file coords19.cif (mmCIF, C-alpha atoms)
data_final
loop_
_atom_site.label_atom_id
_atom_site.label_comp_id
_atom_site.auth_asym_id
_atom_site.auth_seq_id
_atom_site.Cartn_x
_atom_site.Cartn_y
_atom_site.Cartn_z
CA MET X 1 165.07 128.93 144.61
CA HIS X 2 163.05 126.17 142.94
CA VAL X 3 164.33 122.72 143.95
CA LEU X 4 162.97 119.58 142.29
CA ILE X 5 163.56 116.26 144.05
CA THR X 6 163.42 113.02 142.07
CA GLY X 7 162.41 109.97 144.07
CA ALA X 8 160.51 112.42 146.27
CA GLY X 9 158.21 109.71 147.62
CA GLY X 10 161.03 107.48 148.82
CA HIS X 11 162.67 107.03 152.22
CA LEU X 12 165.18 109.87 151.83
CA GLY X 13 163.31 111.82 149.19
CA ARG X 14 160.23 112.51 151.30
CA LYS X 15 162.33 113.52 154.30
CA LEU X 16 164.21 116.02 152.17
CA PHE X 17 161.04 117.23 150.44
CA ASP X 18 159.34 118.00 153.76
CA PHE X 19 162.52 119.53 155.23
CA LEU X 20 163.03 121.95 152.34
CA SER X 21 159.31 122.76 152.16
CA GLU X 22 159.53 124.23 155.66
CA ASP X 23 162.24 126.66 154.51
CA ASP X 24 160.95 129.89 152.95
CA GLN X 25 164.07 130.06 150.80
CA PHE X 26 162.84 127.19 148.63
CA THR X 27 159.98 126.30 146.35
CA VAL X 28 159.90 122.51 146.25
CA SER X 29 158.43 120.07 143.75
CA GLY X 30 159.03 116.37 143.20
CA LEU X 31 158.88 113.43 140.85
CA ASP X 32 158.46 109.76 141.72
CA ILE X 33 157.80 106.55 139.81
CA ARG X 34 154.78 105.85 142.04
CA PRO X 35 151.83 108.12 142.84
CA VAL X 36 152.39 110.13 146.02
CA ASP X 37 149.68 111.82 148.06
CA HIS X 38 151.00 115.34 147.53
CA PRO X 39 149.92 117.84 144.85
CA ASP X 40 153.49 118.91 144.09
CA ILE X 41 154.91 115.41 143.62
CA HIS X 42 154.22 114.10 140.12
CA VAL X 43 154.57 110.66 138.53
CA ALA X 44 157.61 110.12 136.32
CA ASP X 45 159.52 107.08 135.05
CA PHE X 46 163.04 108.24 134.23
CA GLY X 47 163.78 105.07 132.32
CA ALA X 48 160.93 105.72 129.87
CA ALA X 49 160.17 108.45 127.31
CA PRO X 50 161.03 111.87 128.82
CA THR X 51 157.49 113.21 129.22
CA TRP X 52 158.73 114.25 132.69
CA ALA X 53 161.02 116.90 131.19
CA ARG X 54 158.23 119.50 131.25
CA HIS X 55 158.49 119.53 135.03
CA LEU X 56 162.03 120.94 134.80
CA GLU X 57 160.84 124.34 133.60
CA THR X 58 161.65 127.08 136.15
CA VAL X 59 163.73 124.61 138.22
CA ASP X 60 167.04 125.91 139.60
CA VAL X 61 168.41 122.77 141.28
CA ILE X 62 167.55 119.10 140.86
CA VAL X 63 168.28 116.67 143.69
CA HIS X 64 168.41 113.33 141.92
CA LEU X 65 167.54 110.55 144.39
CA ALA X 66 165.49 108.37 142.01
CA GLY X 67 166.81 105.04 140.79
CA ASP X 68 167.38 101.46 141.87
CA ARG X 69 169.09 101.88 145.26
CA GLU X 70 169.71 98.20 146.03
CA PRO X 71 173.34 96.96 146.14
CA THR X 72 171.95 93.71 144.70
CA ALA X 73 170.42 95.50 141.69
CA SER X 74 170.72 93.58 138.42
CA TRP X 75 172.68 94.92 135.48
CA ALA X 76 169.43 95.41 133.55
CA SER X 77 167.90 97.53 136.31
CA SER X 78 171.14 99.43 136.99
CA ILE X 79 171.46 100.35 133.31
CA ARG X 80 167.83 101.36 132.83
CA ASN X 81 167.01 103.03 136.14
CA ASN X 82 170.40 104.48 137.09
CA MET X 83 172.65 104.94 134.05
CA ASP X 84 170.21 105.68 131.22
CA ALA X 85 167.83 107.59 133.50
CA THR X 86 170.52 109.86 134.92
CA LEU X 87 172.06 110.51 131.51
CA ALA X 88 168.64 111.61 130.23
CA LEU X 89 168.15 113.79 133.29
CA TYR X 90 171.48 115.56 132.75
CA HIS X 91 170.61 116.16 129.12
CA HIS X 92 167.21 117.71 129.82
CA ALA X 93 168.47 119.66 132.83
CA ALA X 94 171.13 121.33 130.67
CA GLN X 95 168.60 121.91 127.90
CA GLN X 96 166.08 123.51 130.29
CA GLY X 97 168.64 125.80 131.93
CA VAL X 98 168.80 124.08 135.32
CA SER X 99 171.86 125.39 137.14
CA ARG X 100 172.78 122.35 139.25
CA VAL X 101 172.13 118.64 139.75
CA VAL X 102 172.88 117.18 143.18
CA LEU X 103 173.34 113.47 142.53
CA ALA X 104 172.76 110.75 145.10
CA SER X 105 175.94 108.74 144.60
CA SER X 106 177.17 105.91 146.81
CA ASN X 107 179.97 104.50 148.94
CA TRP X 108 179.73 101.38 146.75
CA LEU X 109 182.11 103.13 144.33
CA HIS X 110 184.80 102.03 146.79
CA GLY X 111 183.39 98.60 147.52
CA ASP X 112 186.78 96.99 146.85
CA LYS X 113 188.34 99.03 149.70
CA ARG X 114 186.32 97.44 152.49
CA PHE X 115 189.24 95.42 153.86
CA THR X 116 192.02 97.93 153.16
CA ASP X 117 193.36 100.91 155.09
CA ASP X 118 192.83 103.43 152.27
CA ILE X 119 191.50 106.88 153.08
CA LEU X 120 188.40 107.34 150.94
CA ASN X 121 187.99 110.64 149.11
CA SER X 122 187.60 111.97 145.58
CA ASP X 123 191.21 111.03 144.72
CA THR X 124 190.87 107.38 145.79
CA PRO X 125 190.62 105.12 142.72
CA SER X 126 187.14 103.73 142.27
CA GLY X 127 186.54 100.01 142.61
CA PRO X 128 182.88 99.04 142.25
CA VAL X 129 182.15 95.42 143.08
CA ASN X 130 178.58 95.22 141.77
CA ALA X 131 176.34 96.61 139.05
CA TYR X 132 174.88 99.21 141.42
CA GLY X 133 178.30 100.62 142.26
CA MET X 134 179.28 100.65 138.60
CA SER X 135 176.10 102.55 137.73
CA LYS X 136 176.91 105.23 140.30
CA LEU X 137 180.43 105.58 138.91
CA PHE X 138 178.90 106.06 135.46
CA CYS X 139 176.56 108.74 136.81
CA GLU X 140 179.46 110.59 138.42
CA ARG X 141 181.64 110.51 135.29
CA THR X 142 178.83 111.61 132.98
CA GLY X 143 178.06 114.37 135.50
CA LYS X 144 181.62 115.63 135.13
CA TYR X 145 181.21 115.58 131.36
CA PHE X 146 178.10 117.75 131.56
CA ALA X 147 179.85 120.10 134.00
CA ASP X 148 182.85 120.45 131.68
CA THR X 149 180.99 120.76 128.38
CA HIS X 150 177.53 122.16 129.19
CA GLY X 151 178.18 124.34 132.25
CA LEU X 152 175.82 122.26 134.40
CA SER X 153 177.03 122.27 138.01
CA VAL X 154 177.03 118.69 139.33
CA ILE X 155 177.69 117.77 142.96
CA CYS X 156 177.81 114.02 143.61
CA MET X 157 177.07 113.15 147.22
CA ARG X 158 178.34 109.70 148.20
CA ILE X 159 175.62 109.20 150.76
CA GLY X 160 176.38 107.06 153.81
CA TRP X 161 174.05 104.66 155.57
CA THR X 162 170.71 106.08 156.63
CA GLN X 163 168.69 103.12 157.88
CA TRP X 164 165.01 102.42 157.36
CA THR X 165 164.95 100.58 160.69
CA HIS X 166 166.10 101.13 164.30
CA ASP X 167 165.10 104.81 164.05
CA ASN X 168 168.39 105.19 162.13
CA LYS X 169 170.42 104.73 165.29
CA PRO X 170 173.99 103.39 164.85
CA GLY X 171 175.26 100.19 166.43
CA PRO X 172 176.27 96.55 165.95
CA HIS X 173 172.84 95.70 164.52
CA MET X 174 174.04 97.28 161.25
CA ALA X 175 175.27 94.89 158.57
CA MET X 176 178.84 94.77 157.18
CA GLY X 177 180.47 95.13 160.59
CA ARG X 178 182.87 98.04 161.10
CA TRP X 179 182.55 99.09 157.44
CA GLY X 180 178.80 99.46 157.75
CA GLN X 181 178.82 101.32 161.04
CA GLU X 182 181.52 103.77 160.02
CA MET X 183 179.48 104.98 157.05
CA TRP X 184 176.53 105.87 159.31
CA LEU X 185 174.71 109.09 158.43
CA SER X 186 172.16 110.61 160.81
CA ASP X 187 168.93 112.05 159.48
CA ARG X 188 169.79 115.61 160.39
CA ASP X 189 173.28 115.34 158.88
CA PHE X 190 171.73 113.97 155.69
CA LEU X 191 169.30 116.87 155.51
CA SER X 192 171.86 119.55 156.31
CA GLY X 193 174.39 118.02 153.92
CA MET X 194 171.96 117.95 151.01
CA ARG X 195 170.89 121.52 151.75
CA ALA X 196 174.55 122.54 151.79
CA ALA X 197 175.03 120.98 148.35
CA ILE X 198 171.98 122.81 147.02
CA VAL X 199 173.13 126.27 148.14
CA ALA X 200 176.93 125.91 147.70
CA LYS X 201 178.59 128.64 145.67
CA ASP X 202 181.10 128.31 142.84
CA VAL X 203 181.19 124.53 142.49
CA SER X 204 181.38 123.23 138.93
CA PHE X 205 181.86 119.56 139.80
CA ALA X 206 182.56 117.68 143.00
CA ALA X 207 182.29 114.12 144.32
CA LEU X 208 181.96 114.26 148.09
CA ASN X 209 181.42 111.89 151.01
CA LEU X 210 178.33 112.50 153.12
CA MET X 211 178.67 110.70 156.43
CA SER X 212 178.25 111.81 160.02
CA ASP X 213 181.46 112.64 161.89
CA ASN X 214 182.14 109.06 162.97
CA PRO X 215 185.42 108.63 164.93
CA GLY X 216 187.90 106.34 163.21
CA MET X 217 186.15 106.16 159.85
CA ARG X 218 188.13 106.15 156.61
CA TRP X 219 185.73 108.38 154.71
CA ASP X 220 187.18 111.88 154.38
CA ILE X 221 184.55 114.52 155.13
CA GLU X 222 187.05 117.38 155.49
CA GLU X 223 186.94 117.67 151.72
CA THR X 224 183.16 117.93 151.94
CA LYS X 225 183.33 120.69 154.56
CA ARG X 226 185.79 122.67 152.41
CA THR X 227 183.67 122.43 149.28
CA ILE X 228 180.15 122.97 150.60
CA PRO X 229 178.91 124.49 153.89
CA TYR X 230 178.44 121.11 155.58
CA VAL X 231 178.71 121.01 159.38
CA PRO X 232 177.91 117.52 160.75
CA GLN X 233 176.27 117.46 164.16
CA ASP X 234 176.36 113.73 164.88
CA GLY X 235 178.83 110.87 164.98
CA ALA X 236 179.27 107.43 166.52
CA ARG X 237 182.24 105.12 166.99
CA ALA X 238 181.83 101.60 165.60
CA VAL X 239 181.02 98.86 168.11
CA VAL X 240 182.42 95.54 166.89
CA PRO X 241 181.79 92.55 169.23
CA TRP X 242 183.96 89.47 168.70
CA HIS X 243 181.40 87.57 166.64
CA ILE X 244 181.00 90.47 164.22
CA GLY X 245 184.77 90.82 163.94
CA LEU X 246 185.04 87.09 163.23
CA LYS X 247 182.39 87.31 160.54
CA GLY X 248 184.25 90.20 158.90
CA ALA X 249 187.54 88.29 159.01
CA ALA X 250 185.89 85.30 157.32
CA LYS X 251 184.42 87.57 154.66
CA LYS X 252 187.86 89.06 153.97
CA LEU X 253 189.45 85.60 153.80
CA PHE X 254 187.03 84.21 151.20
CA THR X 255 186.43 87.33 149.11
CA GLN X 256 189.87 88.95 149.09
CA THR X 257 192.76 87.00 150.67
CA LEU X 258 192.22 83.60 149.05
CA PRO X 259 191.29 84.94 145.57
CA SER X 260 194.40 87.18 145.51
CA MET X 261 196.61 84.25 146.59
CA PHE X 262 195.08 82.09 143.86
CA ASP X 263 195.83 84.80 141.27
CA ARG X 264 199.48 84.95 142.38
CA TRP X 265 199.96 81.20 142.40
CA PHE X 266 198.11 80.49 139.15
CA PRO X 267 198.45 83.71 137.06
CA SER X 268 197.52 82.01 133.79
CA TRP X 269 194.55 80.05 135.15
#

call {"tool": "encode", "arguments": {"input": "coords19.cif", "output": "structure tokens"}}
result
Amino acid sequence: MHVLITGAGGHLGRKLFDFLSEDDQFTVSGLDIRPVDHPDIHVADFGAAPTWARHLETVDVIVHLAGDREPTASWASSIRNNMDATLALYHHAAQQGVSRVVLASSNWLHGDKRFTDDILNSDTPSGPVNAYGMSKLFCERTGKYFADTHGLSVICMRIGWTQWTHDNKPGPHMAMGRWGQEMWLSDRDFLSGMRAAIVAKDVSFAALNLMSDNPGMRWDIEETKRTIPYVPQDGARAVVPWHIGLKGAAKKLFTQTLPSMFDRWFPSW
């Protein structure tokens, strides 16, 4: 099976590239916006003219990790590097006969649920709170369109938090308090989860959480296990000291409680 990874020179992309390259089941190639010191990783700008499309020949599965990954991404960058780029990738993948795209989606689709008790799964209404989250919602919905109308299998993996720092160990050093810790994803669970999405059988479209098995979290990974052969090996319970809990309470007060009260009191403001 020929797997092409976009963003193959990035933090997650290179880990996955090297992991799959060690498996005799796969032939692996990659694309990245910057030059990478590897003969099978080529330069491509998905927001520009699609000269990169020639690299899709003979590809069976694309793992699409490229794009602006910052929650603070501007609308201009989110549109160019996430929305327009992914739409072009779907189009050329379907045209070239690629069987599946595994999309790196995000928990930011449910950014408005941070201070609720909602269980988070594919049936939970989306609520992006920034341009980045909105761009990932767009990529998921256009993926479903290509699955329904072009027969392109699309599996959207709402990837949890794999840190660049602290050797990706969980704990109270992670930002966003309990919310941040409970979306922790270990390196080996990331790798096994993405591999499971690549090899899964009979999936036309799915939007799935990819977190480690963290006790008490609201992200539903049972749906993920039923849909693809994902078996998480790690998990960690959130550790929330009083000062982190206080910071989270203040964040909820000023971003959710007070604005909702203002809307009720002054509906025509």

call {"tool": "closest_atom_pairs", "arguments": {"input": "coords19.cif", "of": "range 163-267 of chain X", "to": "range 16-30 of chain X", "cutoff": "9 Å", "atoms": "only C-alpha atoms", "output": "Markdown table"}}
result
| residue | atom | partner | partner_atom | distance |
| --- | --- | --- | --- | --- |
| X:Phe190 | CA | X:Leu16 | CA | 8.6 |
| X:Leu191 | CA | X:Leu16 | CA | 6.1 |
| X:Met194 | CA | X:Leu16 | CA | 8.1 |
| X:Arg195 | CA | X:Leu20 | CA | 7.9 |

call {"tool": "closest_residue", "arguments": {"input": "coords19.cif", "among": "X:Cys139, X:Ile79, X:Leu12, X:Leu31", "to": "His55 in chain X", "atoms": "all atoms listed in the file"}}
result
X:Leu31

call {"tool": "closest_atom_pairs", "arguments": {"input": "coords19.cif", "of": "range 82-191 of chain X", "to": "range 218-242 of chain X", "cutoff": "10 Å", "atoms": "all atoms listed in the file", "output": "tab-separated table"}}
result
residue	atom	partner	partner_atom	distance
X:Asn107	CA	X:Trp219	CA	9.0
X:Lys113	CA	X:Arg218	CA	9.9
X:Arg114	CA	X:Arg218	CA	9.8
X:Thr116	CA	X:Arg218	CA	9.7
X:Asp117	CA	X:Arg218	CA	7.6
X:Asp118	CA	X:Arg218	CA	7.0
X:Ile119	CA	X:Arg218	CA	4.9
X:Leu120	CA	X:Trp219	CA	4.7
X:Asn121	CA	X:Asp220	CA	5.5
X:Ser122	CA	X:Glu223	CA	8.4
X:Ile155	CA	X:Ile228	CA	9.6
X:Met157	CA	X:Thr224	CA	9.1
X:Arg158	CA	X:Trp219	CA	9.9
X:Gly160	CA	X:Trp219	CA	9.5
X:Lys169	CA	X:Ala236	CA	9.3
X:Pro170	CA	X:Ala236	CA	6.9
X:Gly171	CA	X:Val239	CA	6.1
X:Pro172	CA	X:Val239	CA	5.7
X:His173	CA	X:Val239	CA	9.5
X:Met174	CA	X:Ala238	CA	9.9
X:Gly177	CA	X:Val240	CA	6.6
X:Arg178	CA	X:Ala238	CA	5.8
X:Trp179	CA	X:Ala238	CA	8.6
X:Gly180	CA	X:Ala238	CA	8.7
X:Gln181	CA	X:Ala238	CA	5.5
X:Glu182	CA	X:Ala238	CA	6.0
X:Met183	CA	X:Trp219	CA	7.5
X:Trp184	CA	X:Ala236	CA	7.9
X:Leu185	CA	X:Gly235	CA	7.9
X:Ser186	CA	X:Asp234	CA	6.6
X:Asp187	CA	X:Asp234	CA	9.3
X:Arg188	CA	X:Gln233	CA	7.7
X:Asp189	CA	X:Pro232	CA	5.4
X:Phe190	CA	X:Pro232	CA	8.7

call {"tool": "resolve_selection", "arguments": {"input": "coords19.cif", "expression": "the PyMOL selection byres ((chain X and resi 48) around 12)", "output": "number ranges by chain"}}
result
X: 33, 43-47, 49-53, 80-82, 84-86, 88-89

call {"tool": "atom_distance", "arguments": {"input": "coords19.cif", "atom1": "CA of Ala206 in chain X", "atom2": "CA of Trp108 in chain X"}}
result
17.0 Å

call {"tool": "atom_distance", "arguments": {"input": "coords19.cif", "atom1": "CA of Trp161 in chain X", "atom2": "CA of Thr124 in chain X"}}
result
19.6 Å

call {"tool": "closest_residue", "arguments": {"input": "coords19.cif", "among": "X:His64, X:Lys201, X:Lys136, X:Arg54", "to": "Ala8 in chain X", "atoms": "all atoms listed in the file"}}
result
X:His64

call {"tool": "build_atoms", "arguments": {"input": "coords19.cif", "residues": "range 129-140 of chain X", "atoms": "all heavy atoms", "output": "PDB file, in the coordinates of the input"}}
result
ATOM      1  N   VAL X 129     182.150  96.878 143.033  1.00  0.00           N
ATOM      2  CA  VAL X 129     182.150  95.420 143.080  1.00  0.00           C
ATOM      3  C   VAL X 129     180.796  94.847 142.657  1.00  0.00           C
ATOM      4  O   VAL X 129     180.589  93.635 142.751  1.00  0.00           O
ATOM      5  CB  VAL X 129     182.512  94.909 144.492  1.00  0.00           C
ATOM      6  CG1 VAL X 129     183.940  95.296 144.848  1.00  0.00           C
ATOM      7  CG2 VAL X 129     181.544  95.426 145.545  1.00  0.00           C
ATOM      8  N   ASN X 130     179.894  95.690 142.211  1.00  0.00           N
ATOM      9  CA  ASN X 130     178.580  95.220 141.770  1.00  0.00           C
ATOM     10  C   ASN X 130     178.025  96.183 140.725  1.00  0.00           C
ATOM     11  O   ASN X 130     178.593  97.271 140.472  1.00  0.00           O
ATOM     12  CB  ASN X 130     177.617  95.067 142.949  1.00  0.00           C
ATOM     13  CG  ASN X 130     177.565  96.322 143.819  1.00  0.00           C
ATOM     14  OD1 ASN X 130     177.770  97.437 143.352  1.00  0.00           O
ATOM     15  ND2 ASN X 130     177.270  96.141 145.107  1.00  0.00           N
ATOM     16  N   ALA X 131     176.935  95.793 140.104  1.00  0.00           N
ATOM     17  CA  ALA X 131     176.340  96.610 139.050  1.00  0.00           C
ATOM     18  C   ALA X 131     175.861  97.951 139.594  1.00  0.00           C
ATOM     19  O   ALA X 131     175.988  98.989 138.920  1.00  0.00           O
ATOM     20  CB  ALA X 131     175.165  95.851 138.416  1.00  0.00           C
ATOM     21  N   TYR X 132     175.332  97.955 140.801  1.00  0.00           N
ATOM     22  CA  TYR X 132     174.880  99.210 141.420  1.00  0.00           C
ATOM     23  C   TYR X 132     176.028 100.192 141.552  1.00  0.00           C
ATOM     24  O   TYR X 132     175.916 101.359 141.170  1.00  0.00           O
ATOM     25  CB  TYR X 132     174.253  98.906 142.777  1.00  0.00           C
ATOM     26  CG  TYR X 132     173.942 100.144 143.582  1.00  0.00           C
ATOM     27  CD1 TYR X 132     172.840 100.938 143.270  1.00  0.00           C
ATOM     28  CD2 TYR X 132     174.747 100.521 144.644  1.00  0.00           C
ATOM     29  CE1 TYR X 132     172.557 102.084 144.005  1.00  0.00           C
ATOM     30  CE2 TYR X 132     174.466 101.652 145.397  1.00  0.00           C
ATOM     31  CZ  TYR X 132     173.373 102.430 145.052  1.00  0.00           C
ATOM     32  OH  TYR X 132     173.098 103.568 145.786  1.00  0.00           O
ATOM     33  N   GLY X 133     177.153  99.739 142.108  1.00  0.00           N
ATOM     34  CA  GLY X 133     178.300 100.620 142.260  1.00  0.00           C
ATOM     35  C   GLY X 133     178.816 101.111 140.926  1.00  0.00           C
ATOM     36  O   GLY X 133     179.193 102.282 140.776  1.00  0.00           O
ATOM     37  N   MET X 134     178.843 100.243 139.924  1.00  0.00           N
ATOM     38  CA  MET X 134     179.280 100.650 138.600  1.00  0.00           C
ATOM     39  C   MET X 134     178.350 101.705 138.014  1.00  0.00           C
ATOM     40  O   MET X 134     178.796 102.662 137.362  1.00  0.00           O
ATOM     41  CB  MET X 134     179.335  99.424 137.676  1.00  0.00           C
ATOM     42  CG  MET X 134     179.957  99.697 136.315  1.00  0.00           C
ATOM     43  SD  MET X 134     181.682 100.192 136.430  1.00  0.00           S
ATOM     44  CE  MET X 134     181.676 101.628 135.354  1.00  0.00           C
ATOM     45  N   SER X 135     177.047 101.566 138.266  1.00  0.00           N
ATOM     46  CA  SER X 135     176.100 102.550 137.730  1.00  0.00           C
ATOM     47  C   SER X 135     176.314 103.915 138.370  1.00  0.00           C
ATOM     48  O   SER X 135     176.187 104.956 137.706  1.00  0.00           O
ATOM     49  CB  SER X 135     174.658 102.071 137.939  1.00  0.00           C
ATOM     50  OG  SER X 135     174.254 102.151 139.299  1.00  0.00           O
ATOM     51  N   LYS X 136     176.665 103.952 139.645  1.00  0.00           N
ATOM     52  CA  LYS X 136     176.910 105.230 140.300  1.00  0.00           C
ATOM     53  C   LYS X 136     178.206 105.866 139.806  1.00  0.00           C
ATOM     54  O   LYS X 136     178.299 107.093 139.679  1.00  0.00           O
ATOM     55  CB  LYS X 136     176.946 105.049 141.818  1.00  0.00           C
ATOM     56  CG  LYS X 136     175.580 104.725 142.415  1.00  0.00           C
ATOM     57  CD  LYS X 136     174.570 105.819 142.140  1.00  0.00           C
ATOM     58  CE  LYS X 136     173.229 105.560 142.798  1.00  0.00           C
ATOM     59  NZ  LYS X 136     172.253 106.648 142.557  1.00  0.00           N
ATOM     60  N   LEU X 137     179.210 105.048 139.512  1.00  0.00           N
ATOM     61  CA  LEU X 137     180.430 105.580 138.910  1.00  0.00           C
ATOM     62  C   LEU X 137     180.126 106.198 137.550  1.00  0.00           C
ATOM     63  O   LEU X 137     180.609 107.291 137.231  1.00  0.00           O
ATOM     64  CB  LEU X 137     181.478 104.469 138.768  1.00  0.00           C
ATOM     65  CG  LEU X 137     182.773 104.849 138.062  1.00  0.00           C
ATOM     66  CD1 LEU X 137     183.485 105.986 138.782  1.00  0.00           C
ATOM     67  CD2 LEU X 137     183.691 103.627 137.943  1.00  0.00           C
ATOM     68  N   PHE X 138     179.311 105.520 136.756  1.00  0.00           N
ATOM     69  CA  PHE X 138     178.900 106.060 135.460  1.00  0.00           C
ATOM     70  C   PHE X 138     178.196 107.402 135.624  1.00  0.00           C
ATOM     71  O   PHE X 138     178.471 108.359 134.891  1.00  0.00           O
ATOM     72  CB  PHE X 138     177.979 105.060 134.759  1.00  0.00           C
ATOM     73  CG  PHE X 138     177.366 105.573 133.486  1.00  0.00           C
ATOM     74  CD1 PHE X 138     178.019 105.429 132.281  1.00  0.00           C
ATOM     75  CD2 PHE X 138     176.113 106.194 133.495  1.00  0.00           C
ATOM     76  CE1 PHE X 138     177.452 105.907 131.100  1.00  0.00           C
ATOM     77  CE2 PHE X 138     175.545 106.669 132.337  1.00  0.00           C
ATOM     78  CZ  PHE X 138     176.213 106.529 131.132  1.00  0.00           C
ATOM     79  N   CYS X 139     177.306 107.489 136.594  1.00  0.00           N
ATOM     80  CA  CYS X 139     176.560 108.740 136.810  1.00  0.00           C
ATOM     81  C   CYS X 139     177.485 109.872 137.242  1.00  0.00           C
ATOM     82  O   CYS X 139     177.278 111.036 136.854  1.00  0.00           O
ATOM     83  CB  CYS X 139     175.468 108.519 137.862  1.00  0.00           C
ATOM     84  SG  CYS X 139     174.163 107.388 137.342  1.00  0.00           S
ATOM     85  N   GLU X 140     178.499 109.561 138.030  1.00  0.00           N
ATOM     86  CA  GLU X 140     179.460 110.590 138.420  1.00  0.00           C
ATOM     87  C   GLU X 140     180.270 111.070 137.211  1.00  0.00           C
ATOM     88  O   GLU X 140     180.468 112.273 137.012  1.00  0.00           O
ATOM     89  CB  GLU X 140     180.399 110.067 139.500  1.00  0.00           C
ATOM     90  CG  GLU X 140     179.764 109.938 140.874  1.00  0.00           C
ATOM     91  CD  GLU X 140     180.809 109.794 141.978  1.00  0.00           C
ATOM     92  OE1 GLU X 140     182.024 109.898 141.667  1.00  0.00           O
ATOM     93  OE2 GLU X 140     180.408 109.598 143.145  1.00  0.00           O
TER      94      GLU X 140
END
